[in-house]
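Engineer: So here's target_34.tsv, just TSV, C-alpha atoms:
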```tsv
chain	number	residue	atom	x	y	z
L	1	MET	CA	0.00	0.00	0.00
L	2	LYS	CA	2.87	2.39	0.75
L	3	LYS	CA	4.13	1.85	-2.80
L	4	PHE	CA	0.77	2.91	-4.23
L	5	ILE	CA	0.69	5.95	-1.98
L	6	LYS	CA	4.12	7.03	-3.21
L	7	GLN	CA	3.09	6.58	-6.82
L	8	GLY	CA	-0.09	8.53	-6.14
L	9	SER	CA	1.90	11.37	-4.58
L	10	ALA	CA	4.09	11.53	-7.69
L	11	LEU	CA	1.03	11.83	-9.89
L	12	VAL	CA	-0.32	14.60	-7.73
L	13	ALA	CA	2.94	16.45	-8.02
L	14	ALA	CA	3.01	15.98	-11.79
L	15	ALA	CA	-0.54	17.22	-12.07
L	16	ILE	CA	0.36	20.31	-10.15
L	17	LEU	CA	3.43	21.02	-12.30
L	18	LEU	CA	1.46	20.54	-15.55
L	19	ALA	CA	-1.27	22.89	-14.46
L	20	GLY	CA	-1.42	26.24	-16.21
L	21	CYS	CA	2.07	27.84	-16.71
L	22	GLY	CA	2.83	30.65	-14.44
L	23	GLU	CA	-0.38	30.18	-12.55
L	24	GLU	CA	-0.23	30.03	-8.83
L	25	MET	CA	-0.54	26.57	-7.29
L	26	VAL	CA	-3.79	25.86	-5.58
L	27	PRO	CA	-3.13	24.88	-2.01
L	28	LEU	CA	-4.68	21.49	-0.94
L	29	THR	CA	-5.62	20.42	2.47
L	30	GLU	CA	-4.25	17.15	3.79
L	31	SER	CA	-7.62	15.36	3.44
L	32	GLU	CA	-8.01	16.53	-0.17
L	33	ALA	CA	-4.51	15.32	-0.96
L	34	MET	CA	-5.33	11.88	0.51
L	35	VAL	CA	-8.47	11.63	-1.64
L	36	ILE	CA	-6.39	12.20	-4.76
L	37	VAL	CA	-3.74	9.73	-3.55
L	38	ASN	CA	-6.32	7.00	-2.86
L	39	TYR	CA	-7.99	7.53	-6.25
L	40	SER	CA	-4.65	7.37	-8.02
L	41	ALA	CA	-3.65	4.21	-6.15
L	42	GLY	CA	-6.96	2.56	-7.08
L	43	THR	CA	-6.50	3.46	-10.74
L	44	LEU	CA	-3.01	1.97	-10.77
L	45	ALA	CA	-4.15	-1.20	-9.08
L	46	LYS	CA	-7.06	-1.59	-11.50
L	47	HIS	CA	-4.78	-1.53	-14.56
L	48	ASN	CA	-1.98	-3.58	-13.04
L	49	ARG	CA	-1.88	-6.96	-14.89
L	50	HIS	CA	0.02	-8.61	-12.05
L	51	GLN	CA	-2.97	-8.28	-9.74
L	52	GLN	CA	-6.09	-10.43	-9.83
L	53	GLU	CA	-8.75	-7.82	-9.37
L	54	GLY	CA	-8.28	-4.19	-8.39
L	55	MET	CA	-7.84	-3.36	-4.73
L	56	ALA	CA	-9.64	-6.49	-3.55
L	57	ALA	CA	-6.70	-8.77	-4.35
L	58	VAL	CA	-3.89	-6.65	-2.92
L	59	TYR	CA	-3.88	-8.70	0.27
L	60	PRO	CA	-5.39	-12.08	-0.59
L	61	LYS	CA	-7.01	-13.63	2.46
L	62	GLU	CA	-6.62	-17.25	3.39
L	63	GLU	CA	-9.75	-19.30	2.77
L	64	GLU	CA	-11.86	-19.28	5.83
L	65	GLU	CA	-12.91	-22.62	7.23
L	66	GLU	CA	-16.58	-23.32	6.83
L	67	VAL	CA	-18.31	-22.76	10.10
L	68	ILE	CA	-21.15	-25.20	10.75
L	69	PRO	CA	-23.78	-24.03	13.21
L	70	GLU	CA	-24.04	-26.08	16.37
L	71	GLU	CA	-27.68	-26.98	15.59
L	72	GLU	CA	-26.69	-28.58	12.27
L	73	GLU	CA	-23.83	-30.44	13.96
L	74	ALA	CA	-26.32	-31.83	16.48
L	75	LYS	CA	-28.70	-32.94	13.71
L	76	LYS	CA	-26.06	-34.93	11.82
L	77	PRO	CA	-25.75	-37.84	14.35
L	78	GLU	CA	-29.56	-38.02	14.58
L	79	GLU	CA	-29.90	-38.22	10.79
L	80	GLN	CA	-27.22	-40.92	10.61
L	81	GLU	CA	-29.00	-42.93	13.29
L	82	LYS	CA	-32.30	-42.67	11.39
L	83	GLN	CA	-30.65	-43.75	8.15
L	84	GLU	CA	-29.08	-46.75	9.91
L	85	GLU	CA	-32.42	-47.66	11.48
L	86	ASN	CA	-34.21	-47.36	8.15
L	87	GLY	CA	-31.51	-49.40	6.48
L	88	GLY	CA	-31.86	-52.09	9.13
L	89	GLN	CA	-35.65	-52.15	8.75
L	90	GLN	CA	-35.37	-52.45	4.99
L	91	SER	CA	-32.86	-55.27	5.23
L	92	SER	CA	-34.97	-57.11	7.79
L	93	SER	CA	-38.09	-56.63	5.67
L	94	GLY	CA	-36.12	-57.86	2.64
L	95	GLU	CA	-35.13	-60.96	4.64
L	96	ASN	CA	-38.75	-61.46	5.67
L	97	GLU	CA	-39.87	-61.20	2.04
L	98	ALA	CA	-37.18	-63.59	0.95
L	99	SER	CA	-38.11	-66.08	3.67
L	100	GLY	CA	-41.82	-65.53	2.91
L	101	SER	CA	-41.23	-66.43	-0.72
L	102	GLU	CA	-40.52	-70.03	0.38
L	103	LYS	CA	-44.02	-71.32	0.98
L	104	PRO	CA	-44.29	-74.01	3.66
L	105	ALA	CA	-45.44	-77.43	2.56
L	106	PRO	CA	-49.21	-77.89	3.00
L	107	GLU	CA	-50.22	-79.95	6.02
L	108	ALA	CA	-51.55	-83.45	5.47
L	109	VAL	CA	-55.32	-83.91	5.82
L	110	THR	CA	-57.48	-86.94	6.44
L	111	LEU	CA	-59.16	-88.91	3.66
L	112	THR	CA	-62.48	-87.66	4.97
L	113	GLU	CA	-61.43	-84.02	4.54
L	114	ALA	CA	-59.85	-84.67	1.14
L	115	LEU	CA	-62.80	-86.57	-0.43
L	116	ALA	CA	-65.34	-84.29	1.28
L	117	ILE	CA	-68.57	-86.32	1.06
L	118	PRO	CA	-71.00	-85.10	3.75
L	119	GLY	CA	-72.06	-87.83	6.17
L	120	LEU	CA	-69.20	-90.22	5.30
L	121	GLU	CA	-65.87	-90.89	6.96
L	122	PHE	CA	-62.93	-92.46	5.11
L	123	SER	CA	-60.08	-94.01	7.10
L	124	TYR	CA	-56.96	-95.97	6.19
L	125	LYS	CA	-56.88	-99.35	7.97
L	126	ASP	CA	-53.83	-101.29	6.77
L	127	TYR	CA	-52.13	-102.70	3.69
L	128	SER	CA	-51.25	-106.06	2.14
L	129	VAL	CA	-48.80	-107.22	-0.54
L	130	SER	CA	-49.71	-109.80	-3.20
L	131	ASN	CA	-48.77	-110.73	-6.76
L	132	THR	CA	-52.46	-111.27	-7.57
L	133	TYR	CA	-55.77	-109.88	-6.44
L	134	LYS	CA	-58.98	-111.89	-6.71
L	135	GLN	CA	-62.56	-110.97	-5.95
L	136	GLY	CA	-64.84	-113.97	-5.91
L	137	ASP	CA	-64.74	-116.31	-8.88
L	138	TYR	CA	-65.24	-113.68	-11.53
L	139	PHE	CA	-62.41	-111.15	-11.14
L	140	SER	CA	-58.63	-111.58	-10.95
L	141	LEU	CA	-55.63	-109.27	-11.34
L	142	ASP	CA	-52.05	-110.49	-11.97
L	143	ALA	CA	-49.05	-108.19	-11.54
L	144	LYS	CA	-46.44	-107.99	-14.31
L	145	GLU	CA	-43.20	-109.91	-13.94
L	146	GLY	CA	-40.96	-108.17	-11.42
L	147	ASN	CA	-43.90	-106.26	-9.92
L	148	THR	CA	-46.35	-106.85	-7.14
L	149	TYR	CA	-49.48	-105.26	-5.71
L	150	VAL	CA	-49.66	-103.11	-2.60
L	151	ILE	CA	-53.32	-103.03	-1.56
L	152	LEU	CA	-54.52	-100.36	0.84
L	153	ASN	CA	-57.60	-101.23	2.87
L	154	VAL	CA	-59.88	-98.23	3.43
L	155	ASN	CA	-63.07	-98.13	5.49
L	156	ILE	CA	-66.03	-96.03	4.33
L	157	ALA	CA	-68.34	-95.37	7.28
L	158	ASN	CA	-71.70	-93.64	7.54
L	159	THR	CA	-71.62	-92.17	11.04
L	160	GLY	CA	-75.14	-90.75	10.82
L	161	SER	CA	-78.60	-92.30	10.78
L	162	GLU	CA	-79.60	-91.33	7.25
L	163	THR	CA	-78.57	-93.14	4.05
L	164	VAL	CA	-75.86	-91.36	2.09
L	165	ASN	CA	-75.35	-91.77	-1.66
L	166	CYS	CA	-71.66	-91.98	-2.49
L	167	ASP	CA	-70.46	-91.34	-6.05
L	168	LEU	CA	-66.67	-91.21	-6.15
L	169	LEU	CA	-66.57	-92.12	-9.85
L	170	LEU	CA	-68.02	-88.67	-10.58
L	171	LYS	CA	-65.21	-86.99	-8.61
L	172	GLN	CA	-62.54	-88.98	-10.51
L	173	PRO	CA	-59.95	-89.08	-7.69
L	174	ILE	CA	-56.39	-90.11	-8.58
L	175	PHE	CA	-54.28	-91.56	-5.76
L	176	THR	CA	-50.47	-91.74	-5.75
L	177	LEU	CA	-48.53	-93.96	-3.38
L	178	LYS	CA	-44.86	-93.46	-2.41
L	179	ILE	CA	-43.03	-96.31	-0.70
L	180	ASN	CA	-39.90	-95.46	1.33
L	181	GLU	CA	-39.67	-92.02	-0.34
L	182	GLU	CA	-39.34	-93.62	-3.79
L	183	PRO	CA	-41.08	-92.18	-6.88
L	184	GLY	CA	-44.85	-92.38	-6.59
L	185	VAL	CA	-47.10	-94.87	-8.37
L	186	LYS	CA	-50.71	-94.11	-9.38
L	187	ASN	CA	-53.53	-96.42	-8.36
L	188	GLU	CA	-55.03	-99.08	-10.63
L	189	VAL	CA	-58.49	-97.97	-11.79
L	190	SER	CA	-61.02	-100.79	-11.87
L	191	MET	CA	-64.76	-101.30	-11.77
L	192	LEU	CA	-64.57	-103.46	-8.66
L	193	GLU	CA	-67.52	-102.77	-6.42
L	194	ASN	CA	-65.19	-101.89	-3.51
L	195	ASP	CA	-62.61	-99.82	-5.46
L	196	VAL	CA	-62.54	-96.50	-3.60
L	197	SER	CA	-61.49	-94.54	-6.71
L	198	THR	CA	-64.66	-95.63	-8.60
L	199	TYR	CA	-67.05	-96.47	-5.74
L	200	ILE	CA	-70.76	-95.86	-6.35
L	201	GLY	CA	-73.33	-96.93	-3.79
L	202	ALA	CA	-75.82	-96.04	-1.09
L	203	ILE	CA	-74.45	-96.47	2.43
L	204	GLU	CA	-77.03	-96.78	5.16
L	205	GLY	CA	-76.77	-95.04	8.51
L	206	GLY	CA	-74.25	-96.77	10.78
L	207	GLN	CA	-72.95	-98.97	7.95
L	208	THR	CA	-69.23	-99.42	7.12
L	209	VAL	CA	-68.03	-100.54	3.69
L	210	ALA	CA	-64.57	-102.11	3.21
L	211	GLY	CA	-62.91	-100.41	0.24
L	212	ILE	CA	-59.54	-100.92	-1.42
L	213	LEU	CA	-56.92	-99.03	-3.42
L	214	ILE	CA	-54.60	-101.13	-5.59
L	215	PHE	CA	-51.06	-100.06	-6.60
L	216	GLU	CA	-48.72	-102.07	-8.83
L	217	VAL	CA	-45.14	-101.43	-7.66
L	218	PRO	CA	-41.69	-102.98	-8.20
L	219	ALA	CA	-41.40	-106.13	-6.10
L	220	ALA	CA	-38.11	-104.88	-4.62
L	221	SER	CA	-39.85	-101.78	-3.25
L	222	ALA	CA	-42.44	-103.88	-1.42
L	223	GLU	CA	-39.93	-106.25	0.22
L	224	ASN	CA	-39.17	-103.92	3.11
L	225	ILE	CA	-41.76	-101.17	3.52
L	226	SER	CA	-40.78	-98.61	6.16
L	227	SER	CA	-43.06	-95.76	5.14
L	228	LEU	CA	-46.10	-95.10	2.97
L	229	GLN	CA	-47.09	-91.68	1.66
L	230	LEU	CA	-50.42	-91.15	-0.09
L	231	THR	CA	-51.50	-88.13	-2.11
L	232	LEU	CA	-54.82	-87.35	-3.76
L	233	GLN	CA	-55.34	-85.34	-6.94
L	234	MET	CA	-58.90	-84.16	-7.44
L	235	ASN	CA	-60.48	-81.03	-8.93
L	236	GLU	CA	-57.00	-79.84	-10.07
L	237	THR	CA	-55.80	-79.91	-6.45
L	238	THR	CA	-53.17	-82.24	-4.99
L	239	THR	CA	-53.42	-83.05	-1.28
L	240	GLU	CA	-51.23	-85.11	1.02
L	241	ILE	CA	-53.18	-87.66	3.02
L	242	ASN	CA	-52.55	-88.32	6.69
L	243	MET	CA	-52.57	-92.13	6.96
L	244	LYS	CA	-52.34	-92.30	10.76
```
Show how you would write the structure in this file as structure tokens.
Structural biologist:
Amino acid sequence: MKKFIKQGSALVAAAILLAGCGEEMVPLTESEAMVIVNYSAGTLAKHNRHQQEGMAAVYPKEEEEEVIPEEEEAKKPEEQEKQEENGGQQSSSGENEASGSEKPAPEAVTLTEALAIPGLEFSYKDYSVSNTYKQGDYFSLDAKEGNTYVILNVNIANTGSETVNCDLLLKQPIFTLKINEEPGVKNEVSMLENDVSTYIGAIEGGQTVAGILIFEVPAASAENISSLQLTLQMNETTTEINMK
């Protein structure tokens, strides 16, 4: 700044010398002289290429650190906590959706619930294994070589006092039997009078009819039966049957 003041003083002196020849110098007060000096210094600084911008860049200030109000500083931890909580909720909900996408296996139902004929109860009794199945003197079934029959005995009971007409042929049930978790085998469809899959008849109140379901399976599968699993497909719905 002192350099600019000196240059300004020189300009003032030059201006005074170049004023009209022989004319008497006009006396200036100290304040008026300082006005002229400041103006001259500003003009020099404005046209000086080595400066960035006029007087404002004569003493460049260091960049001031950004001051964050205390209230905003206090809000930051709260916002971070909320974001973490929201993130945790989203992840947990995502896990719930992922786990919900795996639908649990439907629970097994009884034959009575699956066949759904009002007034009648269907219950699995036991099973037998045979290479042939005969009914009287007029009907006989022989298993293919290497196969045998697993015959499920099913009771059909009218627990009420009124006669109930049963028409399972109309429902067209298809039974599948799995032995020891092996691939399932569908039942043999016959017109035997006691075939549960095609049974038609009137069952009186209190009466129980002995029905059967016949499955032709590999003989090796029937040698050591540890578990039986029965499913029913009817009306485009497949249901697991509880055989206990």
Engineer: Counting only C-alpha atoms, figure out which residue out of L:Ile117, L:Ala219, L:Leu228, L:Leu177 gets nearest to Val164 of chain L.
Structural biologist: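 Of the candidates, the smallest distance to Val164 of chain L is held by L:Ile117.
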Engineer: I want to know what sits within 7 Å of Ser128 of chain L, based on all atoms listed in the file, with residues of the same chain fewer than 3 positions away left out; could you give that as a list in words?
Structural biologist: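 So, after excluding close chain neighbours, the residues are Val150, Ile151 and Leu152 of chain L.
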Engineer: To one decimal place, how far is atom CA of Asn153 of chain L from atom CA of Ile214 of chain L in Å?
Structural biologist: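 Rounded to one decimal, the two atoms are 9.0 Å apart.
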Engineer: Select, counting all atoms listed in the file, all protein, DNA and RNA residues no farther than 10 Å from (-64.6, -96.8, -5.6) in file coordinates, and express the selection as a PyMOL selection string.
Structural biologist: chain L and resi 166-169+172-173+189-201+211-213
Engineer: Of the candidates L:Val209, L:Leu111, L:Leu120, L:Ile156, which shows the shortest atom-to-atom distance to Thr231 of chain L, using all atoms listed in the file?
Structural biologist: L:Leu111
Engineer: Go through L:Ser226, L:Phe175, L:Thr159, L:Gln207 one by one, measure the shortest atom-to-atom distance of each to Glu240 of chain L using only C-alpha atoms, and give the residue with the smallest value.
Structural biologist: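 Closest to Glu240 of chain L, using only C-alpha atoms: L:Phe175.
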Engineer: Please list as an NGL selection string every residue within 10 Å of Gly160 of chain L, counting only C-alpha atoms and excluding residues in the same chain fewer than 5 positions away.
Structural biologist: :L and (118-120 or 204-207)
Engineer: Atom CA of Asp142 of chain L and atom CA of Lys244 of chain L, how far apart in Å?
Structural biologist: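 Rounded to one decimal, the two atoms are 29.1 Å apart.
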Engineer: Give me, as a list in words, all polymer residues having an atom no more than 12 Å from Val109 of chain L, counting only C-alpha atoms and skipping those fewer than 3 positions away in the same chain.
Structural biologist: Pro106, Thr112, Glu113, Ala114, Leu115, Ala116, Phe122, Ser123, Leu230, Thr231, Leu232, Thr238, Thr239, Glu240, Ile241, Asn242, Met243 and Lys244 of chain L
Engineer: Go ahead and compute the interatomic distance for atom CA of Thr237 of chain L and atom CA of Thr148 of chain L, in Å to one decimal.
Structural biologist: 28.6 Å
